[in-house]
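Reproduced below: input_12.txt, with compact mmCIF, C-alpha atoms.
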# COMPACT_ATOMS: atom_id res chain seq x y z
CA MET A 10 4.74 -28.73 22.48
CA ASN A 11 3.96 -30.74 19.37
CA GLU A 12 0.47 -31.71 20.51
CA LYS A 13 -2.05 -31.35 17.69
CA MET A 14 -5.47 -29.74 18.13
CA ASN A 15 -8.39 -30.98 16.11
CA GLU A 16 -11.15 -28.74 14.84
CA SER A 17 -13.56 -29.27 17.75
CA GLU A 18 -10.81 -28.53 20.28
CA ILE A 19 -10.00 -25.23 18.57
CA ILE A 20 -13.67 -24.19 18.55
CA GLU A 21 -13.98 -25.13 22.22
CA LYS A 22 -10.85 -23.14 23.02
CA LYS A 23 -12.23 -20.04 21.31
CA GLU A 24 -15.50 -20.25 23.24
CA ASN A 25 -14.12 -21.12 26.66
CA ASN A 26 -10.72 -19.43 26.78
CA SER A 27 -11.16 -16.69 29.37
CA ASP A 28 -7.67 -15.34 28.63
CA LEU A 29 -8.80 -14.24 25.18
CA LYS A 30 -11.56 -12.03 26.53
CA PHE A 31 -9.76 -11.04 29.67
CA TYR A 32 -6.70 -9.76 27.85
CA SER A 33 -8.45 -7.26 25.58
CA THR A 34 -8.78 -9.52 22.60
CA THR A 35 -12.40 -9.47 21.46
CA PHE A 36 -13.21 -7.39 18.40
CA GLU A 37 -16.68 -6.25 19.41
CA ASP A 38 -18.38 -2.87 19.65
CA ARG A 39 -19.40 -2.35 23.27
CA SER A 40 -19.58 1.43 23.34
CA GLU A 41 -22.87 1.19 25.22
CA GLU A 42 -20.95 -0.21 28.20
CA VAL A 43 -18.73 2.89 28.45
CA ASP A 44 -20.23 5.68 30.58
CA LEU A 45 -19.31 9.36 30.50
CA GLU A 46 -17.16 9.20 33.62
CA HIS A 47 -15.12 6.42 32.10
CA GLU A 48 -14.76 8.47 28.91
CA LYS A 49 -13.02 11.15 30.98
CA PHE A 50 -10.86 8.47 32.57
CA ILE A 51 -9.82 7.24 29.12
CA LYS A 52 -8.64 10.74 28.15
CA GLN A 53 -6.74 11.12 31.42
CA MET A 54 -5.20 7.66 31.12
CA ARG A 55 -3.77 8.35 27.66
CA LYS A 56 -0.38 9.98 27.86
CA ILE A 57 -0.34 10.37 24.08
CA ASP A 58 -3.25 11.46 21.94
CA CYS A 59 -4.64 8.64 19.79
CA ASP A 60 -4.35 10.79 16.65
CA LYS A 61 -0.63 11.17 17.30
CA ILE A 62 -0.06 7.42 17.72
CA SER A 63 -2.01 6.66 14.54
CA GLN A 64 0.15 9.26 12.79
CA PHE A 65 3.28 7.48 14.04
CA ASP A 66 1.88 4.20 12.75
CA ASP A 67 1.19 5.60 9.29
CA ILE A 68 4.66 7.19 9.08
CA LEU A 69 6.46 4.01 10.15
CA CYS A 70 4.43 1.83 7.78
CA ASP A 71 5.33 4.24 5.00
CA ILE A 72 9.06 4.21 5.79
CA LEU A 73 9.69 0.66 7.03
CA ILE A 74 7.17 -1.33 4.99
CA ASP A 75 5.76 0.41 1.91
CA ASN A 76 8.98 2.09 0.79
CA LEU A 77 11.14 -0.87 1.73
CA PHE A 78 10.42 -2.31 -1.72
CA LEU A 79 6.86 -3.52 -1.04
CA GLY A 80 5.71 -1.80 -4.22
CA PHE A 81 2.34 -0.56 -2.96
CA ARG A 82 0.89 1.41 -0.07
CA THR A 83 -0.67 -0.29 2.93
CA HIS A 84 -3.84 1.23 4.34
CA LYS A 85 -3.36 4.48 6.26
CA LEU A 86 -5.65 6.00 8.84
CA ASN A 87 -4.63 9.59 8.12
CA LYS A 88 -5.69 11.19 4.86
CA PHE A 89 -3.24 12.27 2.15
CA ASN A 90 -3.30 13.21 -1.53
CA GLU A 91 -2.21 10.11 -3.45
CA ASN A 92 -1.76 12.12 -6.67
CA LEU A 93 1.21 14.00 -5.20
CA PHE A 94 3.34 10.89 -4.79
CA LYS A 95 4.86 8.10 -6.84
CA LEU A 96 4.19 4.49 -5.96
CA PRO A 97 6.64 2.93 -3.46
CA PRO A 98 9.61 1.22 -5.17
CA ARG A 99 9.55 -2.49 -5.96
CA TYR A 100 12.38 -4.95 -5.41
CA ASN A 101 13.85 -4.22 -8.87
CA GLN A 102 13.67 -0.42 -8.63
CA TYR A 103 16.46 1.74 -7.23
CA ASN A 104 15.46 4.45 -4.75
CA THR A 105 18.08 6.36 -2.76
CA PHE A 106 15.88 6.75 0.33
CA SER A 107 14.81 3.09 0.40
CA GLU A 108 18.39 1.92 -0.15
CA ALA A 109 19.53 4.07 2.78
CA ILE A 110 16.87 2.54 5.08
CA LEU A 111 17.84 -0.96 3.93
CA SER A 112 21.50 -0.17 4.58
CA ILE A 113 20.68 0.79 8.18
CA ILE A 114 18.82 -2.50 8.73
CA LYS A 115 21.63 -4.55 7.21
CA ARG A 116 24.45 -3.05 9.27
CA THR A 117 22.50 -3.17 12.54
CA ILE A 118 19.69 -5.73 12.83
CA LEU A 119 21.10 -8.18 10.29
CA ASN A 120 24.71 -7.80 11.39
CA PRO A 121 25.62 -10.68 13.78
CA ASP A 122 28.52 -8.63 15.17
CA VAL A 123 26.22 -5.86 16.43
CA LYS A 124 24.65 -6.28 19.85
CA ASP A 125 21.22 -4.74 20.49
CA GLY A 126 20.74 -4.35 16.75
CA ILE A 127 17.19 -3.02 17.02
CA ASP A 128 18.26 -0.25 19.41
CA LYS A 129 21.17 0.66 17.15
CA ALA A 130 18.87 0.60 14.11
CA TYR A 131 16.51 3.07 15.77
CA GLU A 132 19.36 5.42 16.67
CA GLU A 133 20.65 5.42 13.10
CA LEU A 134 17.16 5.75 11.61
CA PHE A 135 16.27 8.69 13.86
CA SER A 136 19.57 10.40 13.07
CA PHE A 137 19.04 9.80 9.35
CA LEU A 138 15.50 11.26 9.35
CA ASN A 139 16.70 14.18 11.49
CA SER A 140 19.40 15.07 8.98
CA ASP A 141 19.37 18.52 7.39
CA THR A 142 20.37 17.03 4.04
CA LEU A 143 17.60 14.41 3.87
CA THR A 144 15.43 16.32 1.40
CA SER A 145 18.28 17.42 -0.84
CA ASN A 146 20.23 14.13 -0.97
CA TYR A 147 17.49 11.51 -1.16
CA ASP A 148 14.52 10.74 -3.39
CA LEU A 149 11.39 11.27 -1.27
CA THR A 150 8.90 11.38 -4.14
CA SER A 151 7.11 8.21 -2.96
CA LEU A 152 7.25 9.06 0.76
CA ILE A 153 3.78 10.20 1.89
CA SER A 154 5.20 10.85 5.36
CA THR A 155 6.44 14.21 4.09
CA GLN A 156 2.77 15.21 3.94
CA LEU A 157 1.60 13.34 7.05
CA ILE A 158 4.04 15.11 9.39
CA LYS A 159 2.64 18.51 8.30
CA TYR A 160 6.08 20.09 8.71
CA PRO A 161 8.69 21.04 6.09
CA SER A 162 11.12 18.45 7.47
CA PHE A 163 11.33 15.51 9.85
CA LYS A 164 13.72 17.53 12.02
CA GLU A 165 11.08 20.20 12.63
CA TYR A 166 8.47 17.50 13.18
CA PHE A 167 10.57 15.74 15.84
CA ASN A 168 11.32 19.08 17.52
CA SER A 169 7.56 19.65 17.84
CA LEU A 170 7.04 16.41 19.78
CA THR A 171 7.05 16.23 23.56
CA THR A 172 9.38 13.94 25.50
CA GLU A 173 6.55 11.43 26.02
CA GLU A 174 5.66 11.52 22.33
CA LEU A 175 9.28 10.94 21.29
CA LYS A 176 9.47 7.98 23.67
CA CYS A 177 6.25 6.58 22.18
CA PHE A 178 7.63 7.07 18.66
CA GLU A 179 10.79 5.18 19.63
CA GLU A 180 8.86 2.24 21.12
CA HIS A 181 6.57 2.06 18.10
CA THR A 182 9.49 2.25 15.67
CA LYS A 183 11.24 -0.67 17.39
CA LYS A 184 8.10 -2.79 16.95
CA TYR A 185 8.31 -2.32 13.18
CA LEU A 186 12.09 -2.79 13.08
CA SER A 187 11.64 -6.10 14.95
CA MET A 188 9.91 -7.53 11.88
CA TYR A 189 13.33 -7.70 10.17
CA HIS A 190 15.06 -9.54 13.00
CA VAL A 191 16.75 -12.76 11.88
CA LYS A 192 14.76 -14.71 14.49
CA ALA A 193 11.38 -13.11 13.72
CA GLY A 194 10.00 -16.27 12.11
CA PHE A 195 7.50 -14.49 9.85
CA GLN A 196 7.40 -12.27 6.79
CA LEU A 197 5.00 -9.61 5.54
CA ILE A 198 3.84 -10.20 1.96
CA GLU A 199 1.03 -9.16 -0.33
CA THR A 200 -2.03 -11.40 -0.39
CA ASP A 201 -4.66 -11.82 -3.10
CA ARG A 202 -7.23 -13.27 -0.73
CA TYR A 203 -9.13 -10.01 -0.30
CA LYS A 204 -8.69 -8.59 -3.80
CA VAL A 205 -12.47 -8.58 -4.32
CA THR A 206 -12.60 -5.67 -1.85
CA GLY A 207 -10.69 -3.57 -4.37
CA LYS A 208 -7.73 -3.02 -2.03
CA LYS A 209 -4.26 -4.51 -1.86
CA GLU A 210 -3.78 -6.28 1.45
CA CYS A 211 -0.91 -7.88 3.35
CA CYS A 212 -0.56 -10.97 5.49
CA LEU A 213 2.11 -12.57 7.67
CA ILE A 214 3.45 -15.99 6.70
CA ALA A 215 5.69 -18.24 8.77
CA THR A 216 9.36 -18.47 7.74
CA LYS A 217 9.95 -21.29 10.23
CA GLU A 218 7.94 -24.03 11.90
CA TRP A 219 6.13 -22.90 15.03
CA ASN A 220 4.97 -25.23 17.81
CA LYS A 221 1.86 -24.97 19.92
CA GLY A 222 2.52 -22.72 22.91
CA ASP A 223 5.29 -20.67 21.25
CA LEU A 224 5.21 -16.90 21.77
CA ILE A 225 5.78 -14.91 18.57
CA LYS A 226 8.18 -12.51 20.23
CA TYR A 227 8.90 -10.14 17.35
CA CYS A 228 5.30 -9.48 16.33
CA SER A 229 3.22 -7.24 18.58
CA GLY A 230 0.63 -4.52 18.52
CA VAL A 231 -0.44 -1.69 20.78
CA LEU A 232 -3.90 -0.76 22.01
CA CYS A 233 -4.80 2.91 21.73
CA PRO A 234 -7.95 3.59 23.82
CA ILE A 235 -10.55 5.71 22.05
CA THR A 236 -13.73 7.39 23.23
CA SER A 237 -17.17 6.79 21.73
CA GLU A 238 -16.89 10.12 19.91
CA GLU A 239 -13.56 9.09 18.35
CA LEU A 240 -15.06 5.72 17.42
CA LYS A 241 -17.79 7.45 15.41
CA LYS A 242 -15.15 9.41 13.47
CA LEU A 243 -13.55 6.11 12.47
CA GLU A 244 -16.80 4.71 11.09
CA GLY A 245 -16.17 3.18 7.69
CA GLU A 246 -12.40 3.03 8.17
CA ASP A 247 -10.80 -0.34 7.43
CA PHE A 248 -8.89 -0.56 10.70
CA SER A 249 -8.97 -2.98 13.62
CA ILE A 250 -11.10 -1.83 16.53
CA MET A 251 -10.75 -3.92 19.68
CA PHE A 252 -12.73 -3.84 22.90
CA SER A 253 -10.59 -4.07 26.02
CA ALA A 254 -12.37 -5.91 28.80
CA VAL A 255 -9.74 -4.64 31.25
CA LEU A 256 -9.76 -0.99 30.20
CA LYS A 257 -13.51 -1.19 29.50
CA CYS A 258 -13.24 0.79 26.31
CA ASN A 259 -12.77 0.50 22.57
CA ALA A 260 -9.22 0.73 21.26
CA LEU A 261 -7.42 1.05 17.95
CA PHE A 262 -5.07 -1.85 17.33
CA LEU A 263 -1.88 -0.48 15.78
CA GLY A 264 1.61 -1.79 15.06
CA PRO A 265 2.82 -4.84 13.08
CA GLY A 266 0.23 -7.01 14.83
CA ARG A 267 -2.52 -5.40 12.79
CA PHE A 268 -1.32 -7.33 9.74
CA VAL A 269 -2.26 -10.67 11.35
CA ASN A 270 -5.49 -11.56 9.57
CA HIS A 271 -8.62 -13.23 10.86
CA ASP A 272 -9.43 -16.90 10.38
CA CYS A 273 -12.37 -18.81 11.80
CA GLN A 274 -9.97 -21.67 12.63
CA PRO A 275 -6.86 -19.67 13.63
CA ASN A 276 -3.40 -20.88 14.55
CA CYS A 277 -2.64 -18.02 16.99
CA GLU A 278 -4.35 -16.13 19.79
CA PHE A 279 -4.00 -12.69 21.37
CA VAL A 280 -2.14 -12.53 24.68
CA SER A 281 -1.06 -9.82 27.08
CA TYR A 282 0.95 -10.67 30.17
CA ASN A 283 0.11 -7.49 32.02
CA ARG A 284 -3.48 -6.43 32.65
CA ALA A 285 -2.55 -2.77 32.56
CA SER A 286 -0.38 -3.16 29.49
CA MET A 287 -1.39 -1.75 26.13
CA ILE A 288 0.93 -4.24 24.36
CA VAL A 289 -0.65 -7.26 22.68
CA ASN A 290 1.37 -10.28 21.55
CA PHE A 291 0.52 -13.54 19.80
CA ARG A 292 0.79 -17.12 21.01
CA VAL A 293 0.63 -20.19 18.79
CA ILE A 294 -2.35 -22.44 19.59
CA ARG A 295 -1.60 -25.16 17.05
CA ASP A 296 1.50 -26.17 15.11
CA ILE A 297 2.28 -23.89 12.16
CA LYS A 298 4.09 -25.15 9.10
CA LEU A 299 6.66 -23.23 7.09
CA GLY A 300 4.85 -20.94 4.63
CA GLU A 301 1.52 -21.05 6.50
CA GLU A 302 -0.23 -17.75 7.21
CA LEU A 303 -0.37 -16.53 10.82
CA THR A 304 -4.00 -15.94 11.79
CA VAL A 305 -6.13 -15.08 14.83
CA PHE A 306 -9.83 -15.12 15.59
CA TYR A 307 -11.28 -11.59 15.74
CA SER A 308 -14.85 -12.26 16.87
CA ASP A 309 -18.08 -14.03 15.88
CA SER A 310 -19.48 -10.96 14.11
CA TYR A 311 -16.51 -8.91 12.90
CA PHE A 312 -17.33 -9.52 9.23
CA GLY A 313 -21.07 -9.06 9.42
CA ILE A 314 -23.52 -11.00 11.57
CA ASN A 315 -22.13 -14.48 12.24
CA ASN A 316 -19.19 -13.49 9.99
CA CYS A 317 -21.39 -13.90 6.93
CA ASP A 318 -18.88 -11.91 4.84
CA CYS A 319 -15.75 -13.67 6.08
CA LEU A 320 -13.20 -14.50 3.35
CA CYS A 321 -10.78 -16.55 5.44
CA GLU A 322 -9.20 -19.80 4.25
CA SER A 323 -11.31 -21.91 6.62
CA CYS A 324 -14.52 -20.42 5.23
CA GLU A 325 -13.24 -21.03 1.71
CA LYS A 326 -12.59 -24.71 2.42
CA LYS A 327 -16.02 -25.18 4.01
CA GLN A 328 -17.83 -22.84 1.59
CA LEU A 329 -19.07 -20.72 4.48
CA GLY A 330 -19.20 -16.96 5.13
CA GLY A 331 -18.39 -14.99 2.00
CA PHE A 332 -17.96 -18.24 0.06
CA SER A 333 -21.44 -19.58 0.84
CA LYS A 334 -24.00 -20.02 -1.92
CA PRO A 335 -25.94 -16.86 -2.80
CA LEU A 336 -29.16 -16.43 -0.87
CA SER A 337 -32.53 -15.78 -2.43
CA ASN A 338 -33.21 -12.14 -3.29
CA ASP A 339 -35.47 -11.59 -0.27
CA ALA A 340 -33.10 -13.27 2.18
CA SER A 341 -30.06 -11.55 0.69
CA SER A 342 -31.74 -8.16 0.86
CA SER A 343 -32.71 -8.74 4.50
CA SER A 344 -29.17 -9.81 5.38
CA GLU A 345 -27.64 -6.76 3.71
CA ASN A 346 -30.03 -4.43 5.55
CA ASP A 347 -28.98 -6.01 8.84
CA ASN A 348 -25.31 -5.55 8.03
CA ILE A 349 -25.68 -1.89 7.06
CA ASN A 350 -26.42 -1.01 10.69
CA HIS A 351 -23.79 -3.37 12.08
CA PRO A 352 -21.42 -1.25 14.25
CA VAL A 353 -18.18 -3.06 13.40
CA SER A 354 -18.44 -4.76 10.01
CA THR A 355 -17.05 -2.77 7.09
CA VAL A 356 -17.32 -5.62 4.58
CA MET A 357 -20.44 -5.68 2.40
CA ARG A 358 -22.29 -8.86 1.48
CA HIS A 359 -21.48 -8.69 -2.25
CA ARG A 360 -17.75 -9.12 -1.54
CA ARG A 361 -17.93 -12.81 -2.09
CA ARG A 362 -15.11 -14.53 -3.94
CA ALA A 363 -11.46 -14.55 -2.92
CA GLN A 364 -8.36 -15.90 -4.62
CA PRO A 365 -7.36 -19.29 -3.18
CA MET A 366 -3.93 -19.14 -1.61
CA SER A 367 -1.03 -21.56 -1.52
CA PHE A 368 2.16 -21.27 0.53
CA LYS A 369 3.80 -24.66 0.14
CA ILE A 370 7.56 -24.68 0.36
CA ASN A 371 9.16 -26.41 -2.61
CA PHE A 372 12.91 -26.86 -2.35
CA GLU A 373 13.11 -30.54 -3.26
CA ILE A 374 10.34 -30.90 -5.82
CA GLU A 375 10.35 -28.68 -8.89
CA VAL A 376 7.09 -26.93 -9.64
CA ASN A 377 6.07 -27.62 -13.21
CA ASP A 378 3.33 -25.00 -13.31
CA ASP A 379 4.81 -21.64 -14.33
CA TYR A 380 2.14 -19.91 -12.27
CA HIS A 381 3.64 -21.13 -9.00
CA CYS A 382 6.72 -19.70 -7.36
CA ASN A 383 9.65 -22.09 -7.71
CA ILE A 384 10.86 -21.19 -4.21
CA CYS A 385 7.84 -20.95 -1.90
CA GLY A 386 5.22 -22.62 -4.14
CA ARG A 387 2.89 -19.63 -3.85
CA LEU A 388 0.41 -18.90 -6.62
CA ILE A 389 1.64 -16.04 -8.81
CA SER A 390 0.15 -14.11 -11.71
CA GLU A 391 3.40 -13.51 -13.61
CA ILE A 392 5.12 -16.26 -15.57
CA ASN A 393 8.61 -15.69 -14.21
CA GLY A 394 8.99 -18.60 -11.79
CA ILE A 395 9.59 -16.53 -8.63
CA CYS A 396 7.01 -14.53 -6.68
CA VAL A 397 7.46 -10.88 -5.69
CA GLY A 398 7.61 -11.83 -2.00
CA CYS A 399 10.65 -14.08 -2.54
CA LEU A 400 12.36 -11.47 -4.73
CA ARG A 401 11.81 -8.77 -2.09
CA HIS A 402 13.10 -11.17 0.58
CA HIS A 403 16.30 -11.68 -1.42
CA LYS A 404 16.64 -7.92 -1.89
CA ILE A 405 16.52 -7.32 1.88
CA PHE A 406 18.31 -10.38 3.29
CA ASN A 407 20.52 -11.42 0.34
CA LEU A 408 19.37 -15.00 0.86
CA ILE A 409 16.78 -17.35 -0.62
CA TRP A 410 13.44 -17.38 1.19
CA PRO A 411 12.88 -18.21 4.05
CA HIS A 412 16.46 -17.82 5.34
CA ARG A 413 17.62 -14.59 6.94
CA VAL A 414 21.05 -15.62 8.17
CA ILE A 415 23.80 -17.90 6.86
CA PHE A 416 24.16 -20.94 9.06
CA PHE A 417 27.68 -20.79 10.50
CA PHE A 418 26.63 -23.02 13.40
CA PHE A 419 28.06 -26.24 12.05
CA PHE A 420 31.27 -24.67 10.77
CA PHE A 421 31.75 -22.68 13.96
CA PHE A 422 31.48 -25.67 16.23
CA SER A 423 33.45 -27.85 13.84
CA PHE A 424 36.28 -25.33 13.99
CA LYS A 425 35.97 -25.11 17.78
CA PHE A 426 36.02 -28.88 18.08
CA PHE A 427 39.06 -29.12 15.80
CA LYS A 428 40.90 -26.35 17.67
CA TYR A 429 40.28 -27.81 21.13
CA THR A 430 41.06 -31.34 19.90
CA ILE A 431 44.50 -30.19 18.75
CA PHE A 432 45.02 -28.32 22.03
CA TYR A 433 44.18 -31.26 24.29
CA PHE A 434 46.09 -33.68 22.06
CA ASN A 435 49.21 -31.55 22.49
CA ILE A 436 48.74 -31.56 26.27
CA TYR A 437 48.37 -35.34 26.17
CA ILE A 438 51.63 -35.66 24.20
CA TYR A 439 53.48 -33.32 26.55
CA ILE A 440 52.30 -35.21 29.66
CA HIS A 441 53.31 -38.55 28.22
CA PHE A 442 56.65 -37.14 27.14
CA PHE A 443 57.22 -35.75 30.65
CA PHE A 444 56.41 -39.05 32.39
CA PHE A 445 58.52 -40.97 29.88
CA PHE A 446 61.48 -38.66 30.41
CA PHE A 447 61.09 -38.54 34.22
CA PHE A 448 60.68 -42.26 34.89
CA PHE A 449 62.87 -43.68 32.19
Show me, as structure tokens, the structure contained in the file I just sent.
Amino acid sequence: MNEKMNESEIIEKKENNSDLKFYSTTFEDRSEEVDLEHEKFIKQMRKIDCDKISQFDDILCDILIDNLFLGFRTHKLNKFNENLFKLPPRYNQYNTFSEAILSIIKRTILNPDVKDGIDKAYEELFSFLNSDTLTSNYDLTSLISTQLIKYPSFKEYFNSLTTEELKCFEEHTKKYLSMYHVKAGFQLIETDRYKVTGKKECCLIATKEWNKGDLIKYCSGVLCPITSEELKKLEGEDFSIMFSAVLKCNALFLGPGRFVNHDCQPNCEFVSYNRASMIVNFRVIRDIKLGEELTVFYSDSYFGINNCDCLCESCEKKQLGGFSKPLSNDASSSSENDNINHPVSTVMRHRRRAQPMSFKINFEIEVNDDYHCNICGRLISEINGICVGCLRHHKIFNLIWPHRVIFFFFFFFSFKFFKYTIFYFNIYIYIHFFFFFFFF
């Protein structure tokens, strides 16, 4: 499990691993391979309309990520009027709605006395959103979901859904709730790596050490098959489009898994243990250290031809992709013209420089530089000693990053050992007393 993979082995694995392609994991546009008959099959195969699932995804991101003290809005597929809403609350801002959601998570998922915490969390969340007093009792001024549902209330919205759609909403909700499980092993935080694109982005970093071969159980995504016509409508949208070799169609990749970013030398890979399944998980392909970002390999040409616009950490270290030296005017112009017609890439050539990242845990050694977080060692822009990610973590889990649960293990077993030691010692005394009394 602790076997290390060198660079050449990782490259060879990406090129020769049939599982990666077989299990719907290549990010390539292959719409020309999909015929009209198969387009009809795609529509028949989908129990839920793709627009509805993407709506669920936007709503759940809004409720369980953005407004859970992230402080900014993650990218949404559905359109809304930003001017009508306040920004999501930060870790140091009080919001009645966000506090209510956090309270549900704490008394269910984070409560060691509650079995099936994720199921209980969903039941409470659904009941809370379905409440008649939601609008009057809670501050929803930063909740864009009130516009996305296109109904006056969540109760009316849920009543409009079919049984299949409600089941899909439940399954999708549990995927996002799983991110807060004490054993998740990762955390969603803001990243500055792609700030040159003009958008705030997120990434997943490890809150524990992962070994090669481990399955990241609490992080998954779902494939939503789309037709060629639907693919054209998504042109220019900054969302993950996958090609499923099994389903033989393009698919939107939704759920928490969409926050796993690309790297040309990744530490994870896509896996699906059922050919007919729409669920995609992640498996570790090399050891991951605490604080390291979880990454996967999208494809050879996801960020332009030969990933010429890639801003991943590996490209930064090697000065490749978007970090390569500027080309001559003629060559640069030719490259940009090629990328304009590229069916998948949404990143333009001029997006070149990214902020170097650092996630080095620092509990034993004090960081002297005020521009590093004193807890996780991450680069920060504010001179306050602690990054926003660690402050948000403390807000949610009431513990210092990366811990999510107080370790009672030692004390529990110490108490058990002490209790049983006293018990068996008493038995020993009684037996000896009996034999002494009987024989003497």
Identify, on the basis of all atoms listed in the file, every residue whose closest approach to region 152-155 of chain A does not exceed 7 Å; exclude the query and any residue fewer than 2 positions from it along the same chain; express the result as an MDAnalysis selection string.
chainID A and resid 68 71 94 149:150 157:158
For Ile74 (chain A), work out the shell of residues within 10 Å, counting only C-alpha atoms and skipping chain neighbours fewer than 4 positions away, then give it as number ranges by chain.
A: 68-70, 78-83, 97, 107, 185-186, 188, 197-198, 265
Between A:Val414, A:Phe406, A:Phe65, A:Tyr307, single out the one closest to Lys176 (chain A), counting all atoms listed in the file.
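Comparing A:Val414, A:Phe406, A:Phe65, A:Tyr307 against Lys176 (chain A), the winner is A:Phe65.
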Test item: which residues lie within 7 Å of (9.8, -5.6, -3.5) counting all atoms listed in the file, as number ranges by chain
A: 78-80, 99-101, 397-398, 400-401
Enter the distance from CA of Val293 (chain A) to CA of Trp219 (chain A), in Å, rounded to one decimal.
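These atoms are spaced 7.2 Å apart.
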Exercise: residues within 10 Å of coordinate (13.8, 5.6, 3.2), counting all atoms listed in the file, as a PyMOL selection string:
chain A and resi 71-78+104-113+134+137-138+143+147-149+151-152
Counting all atoms listed in the file, the option among A:Tyr203, A:Ile114, A:Phe178, A:Lys209 closest to Lys61 (chain A):
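Among A:Tyr203, A:Ile114, A:Phe178, A:Lys209, it is A:Phe178 that comes nearest to Lys61 (chain A).
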Enter the distance from CA of Lys164 (chain A) to CA of Asn139 (chain A), in Å, rounded to one decimal.
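Spanning CA of Lys164 (chain A) to CA of Asn139 (chain A) is a straight-line distance of 4.5 Å.
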Please indicate the distance in Å from CA of His84 (chain A) to CA of Pro161 (chain A), rounded to one decimal place.
23.5 Å
Best match for closeness to Ser229 (chain A) among A:Leu263, A:Cys317, A:Leu256, A:Val305, counting only C-alpha atoms
A:Leu263
Which one of A:Phe262, A:Phe268, A:Phe167, A:Phe279 sits closest to Ser63 (chain A) if you count all atoms listed in the file?
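Closest residue, counting all atoms listed in the file: A:Phe262.
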If we count only C-alpha atoms, what is near Glu278 (chain A) at a cut-off of 7 Å, once residues fewer than 2 positions away on the same chain are taken out, given as an MDAnalysis selection string?
chainID A and resid 280 291:294 305:306
For the residues in the current selection, export C-alpha atoms as a PDB file, keeping the file's coordinate frame.
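File produced: part-v8.pdb:
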ATOM      1  CA  VAL A 280      -2.140 -12.530  24.680  1.00  0.00           C
ATOM      2  CA  PHE A 291       0.520 -13.540  19.800  1.00  0.00           C
ATOM      3  CA  ARG A 292       0.790 -17.120  21.010  1.00  0.00           C
ATOM      4  CA  VAL A 293       0.630 -20.190  18.790  1.00  0.00           C
ATOM      5  CA  ILE A 294      -2.350 -22.440  19.590  1.00  0.00           C
ATOM      6  CA  VAL A 305      -6.130 -15.080  14.830  1.00  0.00           C
ATOM      7  CA  PHE A 306      -9.830 -15.120  15.590  1.00  0.00           C
TER       8      PHE A 306
END
